[in-house]
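Next comes my_file_12.cif, with mmCIF, C-alpha atoms.
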```cif
data_query
#
loop_
_atom_site.label_atom_id
_atom_site.label_comp_id
_atom_site.auth_asym_id
_atom_site.auth_seq_id
_atom_site.Cartn_x
_atom_site.Cartn_y
_atom_site.Cartn_z
CA MET P 259 254.55 161.91 -153.88
CA TYR P 260 257.40 164.39 -154.28
CA ASN P 261 260.74 162.60 -154.54
CA ILE P 262 262.91 165.51 -153.48
CA PRO P 263 265.65 164.64 -150.96
CA SER P 264 265.39 167.92 -149.04
CA TYR P 265 261.69 167.25 -148.37
CA LYS P 266 262.27 163.82 -146.82
CA ALA P 267 262.35 162.95 -143.11
CA LYS P 268 265.89 162.35 -141.86
CA ASN P 269 265.26 159.23 -139.78
CA GLU P 270 262.62 156.80 -138.56
CA GLN P 271 262.26 158.53 -135.18
CA GLU P 272 261.29 161.77 -136.88
CA ILE P 273 258.57 159.87 -138.76
CA LEU P 274 257.32 158.16 -135.59
CA ASP P 275 257.20 161.46 -133.72
CA PHE P 276 255.12 162.93 -136.55
CA ILE P 277 252.73 159.97 -136.67
CA ASN P 278 252.23 160.05 -132.90
CA GLU P 279 251.51 163.77 -133.08
CA TYR P 280 248.97 163.34 -135.92
CA PRO P 281 247.44 159.83 -135.50
CA PHE P 282 244.21 160.50 -137.42
CA VAL P 283 245.05 158.61 -140.60
CA GLN P 284 243.32 158.29 -143.96
CA ILE P 285 243.36 154.68 -145.17
CA THR P 286 242.67 154.04 -148.85
CA GLY P 287 242.27 150.95 -151.01
CA VAL P 288 240.11 149.52 -153.78
CA ASN P 289 237.14 147.17 -153.72
CA GLU P 290 236.53 144.10 -155.87
CA GLU P 291 235.27 146.29 -158.69
CA GLY P 292 238.40 148.41 -158.68
CA LYS P 293 236.62 151.42 -157.20
CA PRO P 294 238.50 153.49 -154.58
CA VAL P 295 237.48 153.35 -150.93
CA ALA P 296 238.75 155.39 -148.01
CA THR P 297 238.17 156.05 -144.34
CA GLN P 298 239.70 158.26 -141.64
CA ILE P 299 240.53 156.56 -138.36
CA PRO P 300 242.62 157.31 -135.27
CA VAL P 301 245.36 154.69 -134.89
CA ILE P 302 248.32 153.56 -132.83
CA VAL P 303 251.68 152.73 -134.38
CA GLU P 304 253.75 149.96 -132.77
CA LYS P 305 257.29 148.80 -133.41
CA ARG P 306 257.89 145.06 -133.13
CA ASN P 307 261.29 143.57 -133.85
CA ASP P 308 262.27 146.49 -136.10
CA GLU P 309 258.96 146.31 -138.00
CA LEU P 310 256.20 148.92 -137.82
CA TYR P 311 252.48 148.18 -137.50
CA ILE P 312 249.46 150.47 -137.71
CA ILE P 313 246.72 149.31 -135.34
CA GLY P 314 243.13 150.44 -134.90
CA HIS P 315 239.48 149.46 -135.13
CA MET P 316 236.58 150.12 -137.50
CA MET P 317 232.90 149.34 -137.95
CA LYS P 318 232.36 146.04 -139.73
CA GLU P 319 229.35 146.84 -141.91
CA THR P 320 230.95 149.57 -143.94
CA ASP P 321 231.97 149.65 -147.59
CA HIS P 322 235.60 150.30 -146.74
CA CYS P 323 235.86 147.45 -144.21
CA LYS P 324 234.33 144.99 -146.68
CA ALA P 325 236.72 146.21 -149.39
CA PHE P 326 239.80 145.88 -147.16
CA GLN P 327 238.74 142.34 -146.25
CA LYS P 328 238.67 141.42 -149.94
CA ASN P 329 241.80 143.37 -150.92
CA SER P 330 244.27 143.81 -148.08
CA ASN P 331 246.63 146.19 -149.92
CA VAL P 332 246.15 149.65 -148.42
CA LEU P 333 247.80 153.05 -148.30
CA SER P 334 247.68 155.00 -145.03
CA VAL P 335 248.23 158.75 -145.24
CA PHE P 336 249.15 160.76 -142.15
CA THR P 337 248.84 164.51 -142.60
CA GLY P 338 250.02 167.37 -140.43
CA PRO P 339 249.92 171.17 -140.58
CA ASN P 340 249.71 172.85 -143.97
CA GLY P 341 249.31 176.36 -145.32
CA TYR P 342 249.64 178.80 -148.20
CA ILE P 343 253.07 180.41 -148.63
CA SER P 344 252.92 183.73 -150.48
CA ALA P 345 255.89 184.61 -152.65
CA SER P 346 255.41 188.18 -151.44
CA TRP P 347 256.96 187.10 -148.13
CA CYS P 348 260.27 186.28 -149.82
CA VAL P 349 263.24 188.48 -150.67
CA ASN P 350 262.69 187.59 -154.32
CA SER P 351 258.92 187.77 -154.76
CA ASN P 352 258.95 187.55 -158.55
CA LYS P 353 257.87 183.91 -158.59
CA GLY P 354 254.87 181.72 -157.96
CA SER P 355 253.50 181.17 -154.48
CA THR P 356 253.31 177.65 -153.04
CA TRP P 357 251.93 175.47 -150.26
CA ASN P 358 253.81 173.95 -147.33
CA TYR P 359 252.66 170.68 -145.81
CA MET P 360 253.74 167.54 -143.98
CA SER P 361 252.66 164.03 -144.98
CA VAL P 362 253.67 160.42 -144.35
CA HIS P 363 252.55 157.59 -146.66
CA ALA P 364 252.61 154.01 -145.35
CA GLU P 365 251.93 151.07 -147.64
CA GLY P 366 251.11 147.60 -146.33
CA LYS P 367 248.63 144.76 -145.97
CA MET P 368 245.70 144.91 -143.57
CA SER P 369 244.59 141.98 -141.44
CA PHE P 370 241.71 141.77 -138.96
CA PHE P 371 241.21 140.40 -135.45
CA GLU P 372 238.53 140.14 -132.76
CA GLY P 373 238.13 138.44 -129.36
CA GLU P 374 240.60 139.10 -126.56
CA LYS P 375 243.05 140.85 -128.88
CA LEU P 376 240.37 143.40 -129.77
CA VAL P 377 239.50 143.87 -126.09
CA SER P 378 243.18 144.43 -125.31
CA LEU P 379 243.40 147.02 -128.10
CA MET P 380 240.37 148.92 -126.83
CA LYS P 381 241.78 148.98 -123.30
CA SER P 382 245.10 150.37 -124.54
CA PHE P 383 243.49 152.77 -127.00
CA THR P 384 241.05 154.36 -124.57
CA LEU P 385 243.63 154.62 -121.80
CA LEU P 386 246.15 156.23 -124.18
CA HIS P 387 243.77 158.95 -125.29
CA GLU P 388 242.56 159.56 -121.73
CA LYS P 389 246.21 160.32 -120.86
CA GLY P 390 246.52 157.24 -118.65
CA ASN P 391 243.63 158.27 -116.40
CA GLU P 392 242.30 154.91 -115.17
CA ASN P 393 239.46 156.70 -113.34
CA SER P 394 238.04 158.21 -116.51
CA PRO P 395 234.48 156.92 -117.08
CA THR P 396 235.22 156.42 -120.79
CA VAL P 397 238.20 154.04 -120.58
CA TYR P 398 237.24 150.52 -121.59
CA ASN P 399 237.38 149.02 -118.08
CA ASN P 400 234.89 151.60 -116.76
CA LEU P 401 232.32 151.39 -119.55
CA PRO P 402 228.94 149.82 -118.68
CA GLU P 403 228.71 146.16 -119.62
CA SER P 404 225.49 146.90 -121.51
CA TYR P 405 227.33 149.42 -123.69
CA ILE P 406 230.21 147.02 -124.41
CA ASN P 407 227.83 144.18 -125.25
CA LYS P 408 225.90 146.44 -127.61
CA TRP P 409 228.82 147.87 -129.60
CA MET P 410 231.76 145.48 -129.49
CA PRO P 411 230.12 142.94 -131.85
CA HIS P 412 229.89 145.66 -134.49
CA ILE P 413 233.59 146.54 -134.63
CA THR P 414 236.73 144.72 -135.69
CA GLY P 415 240.34 145.36 -134.90
CA PHE P 416 242.88 145.67 -137.68
CA GLU P 417 246.60 145.94 -138.12
CA ILE P 418 248.71 146.92 -141.08
CA LYS P 419 252.28 145.70 -141.37
CA ILE P 420 254.08 148.62 -142.98
CA ASP P 421 256.07 147.45 -146.00
CA ARG P 422 257.07 150.89 -147.30
CA LEU P 423 257.24 154.39 -145.84
CA ASP P 424 257.60 157.65 -147.73
CA THR P 425 257.48 161.26 -146.56
CA VAL P 426 257.11 164.81 -147.76
CA PHE P 427 257.90 167.50 -145.20
CA LYS P 428 257.76 170.49 -147.55
CA LEU P 429 258.72 173.43 -145.35
CA SER P 430 260.33 176.07 -147.58
CA GLN P 431 263.72 174.31 -147.42
CA GLY P 432 264.86 175.96 -150.65
CA LEU P 433 264.54 179.56 -149.42
CA ASP P 434 267.34 181.84 -148.27
CA LYS P 435 267.53 182.47 -144.53
CA GLU P 436 265.88 185.91 -144.58
CA SER P 437 262.93 184.67 -146.61
CA TYR P 438 262.60 181.52 -144.49
CA LEU P 439 262.43 183.48 -141.25
CA ASN P 440 259.98 185.95 -142.76
CA VAL P 441 257.69 183.08 -143.81
CA ILE P 442 257.67 181.92 -140.18
CA VAL P 443 256.70 185.40 -139.00
CA GLU P 444 253.88 185.68 -141.56
CA LEU P 445 252.50 182.25 -140.69
CA GLU P 446 252.48 183.14 -136.99
CA LYS P 447 250.53 186.32 -137.82
CA ARG P 448 247.86 184.23 -139.49
CA GLY P 449 247.49 181.98 -136.46
CA GLY P 450 245.47 178.77 -136.34
CA THR P 451 247.07 175.79 -138.06
CA ASN P 452 249.56 178.18 -139.65
CA SER P 453 251.15 178.55 -136.22
CA PHE P 454 251.79 174.80 -136.07
CA LEU P 455 253.43 175.01 -139.49
CA ALA P 456 255.62 177.88 -138.29
CA SER P 457 256.59 175.82 -135.24
CA GLU P 458 257.72 172.94 -137.44
CA MET P 459 259.77 175.32 -139.56
CA LYS P 460 261.45 176.79 -136.46
CA LYS P 461 262.71 173.33 -135.51
CA ARG P 462 264.72 173.22 -138.72
CA VAL P 463 266.38 176.66 -138.68
CA SER P 464 269.67 175.55 -137.13
CA GLU P 465 269.96 172.57 -139.49
CA LEU P 466 269.18 174.53 -142.65
CA PHE P 467 271.31 177.56 -141.88
CA SER P 468 274.02 176.22 -139.58
CA GLU P 469 276.76 177.99 -141.51
CA GLN P 470 274.97 181.32 -141.16
CA LEU P 471 274.32 181.17 -137.40
#
```
Once you've parsed the file, please lay out its structure as structure tokens.
Amino acid sequence: MYNIPSYKAKNEQEILDFINEYPFVQITGVNEEGKPVATQIPVIVEKRNDELYIIGHMMKETDHCKAFQKNSNVLSVFTGPNGYISASWCVNSNKGSTWNYMSVHAEGKMSFFEGEKLVSLMKSFTLLHEKGNENSPTVYNNLPESYINKWMPHITGFEIKIDRLDTVFKLSQGLDKESYLNVIVELEKRGGTNSFLASEMKKRVSELFSEQL
């Protein structure tokens, strides 16, 4: 991961805001044979007594779940908007083009749980993603008992106590103001995920160019 100060998040709240905006995380580890394993899972991040935990659930009979049970050391990667940045958009275009992106890496140990704690997680998780709508037919409390009895035995809850966080929010911080603003305009023209990238860059204009405003 890039260790460039200008690409780092400024504080923990900025990291939490990013994680909550992009909660579909890639979790990686290695199995007993030293081979890499990975999965992508939507998660919740909780803060408990100044410590952060990643919480979610996964299917039990999978290669990655079995590997994480044997080796609890995992890396969770949260990714946000990304896009190609053409040097032709800059005042000085006689240089290589690049790629802007946002990423948070969280290292920690994974542990598993079932029973009432898993039920509690599923209630919170489904209600969260249904925007608090308790009348939604897909929140845990409204699911048919036959469905719950069929699927709950096949999943396990997990939590990861985060021991180390690192970030790269690479958003053209090294450009002059004119080039920076032009990159935003060009990204907005492209639309799609590029627009989200442009939005993140706009948030940082006043901080990066305060003396020029």
Contacts of Asp275 in chain P at 12 Å (all atoms listed in the file; same-chain gap of 5+ positions) as a VMD selection string
chain P and resid 267 to 270 280 to 281 302 to 303 336 338 362
- Item | Hits of the PyMOL selection byres ((chain P and resi 293) around 12) in this structure, as a ChimeraX atom specification | /P:286-292,294-296,321-322,325-326,329
Separating CA of Leu376 in chain P from CA of Met316 in chain P, to the nearest tenth of an Å, is a gap of 10.9 Å
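Across the chains present, the PyMOL selection byres ((chain P and resi 343-351) around 10) applied to this file returns Asn340, Gly341, Tyr342, Asn352, Lys353, Gly354, Ser355, Thr356, Trp357, Asn358, Leu429, Ser430, Leu433, Asp434, Lys435, Glu436, Ser437, Tyr438, Leu439, Asn440, Val441, Ile442, Val443, Glu444, Leu445 and Asn452 of chain P.
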Atom pair CA of Leu455 in chain P + CA of Tyr359 in chain P, distance 7.7 Å
Point to revise | Top pick for closest residue to Ile420 in chain P, considering P:Lys328, P:Lys367, P:Lys375, P:Arg306 and counting all atoms listed in the file | key: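 Of the candidates, the smallest distance to Ile420 in chain P is held by P:Lys367.
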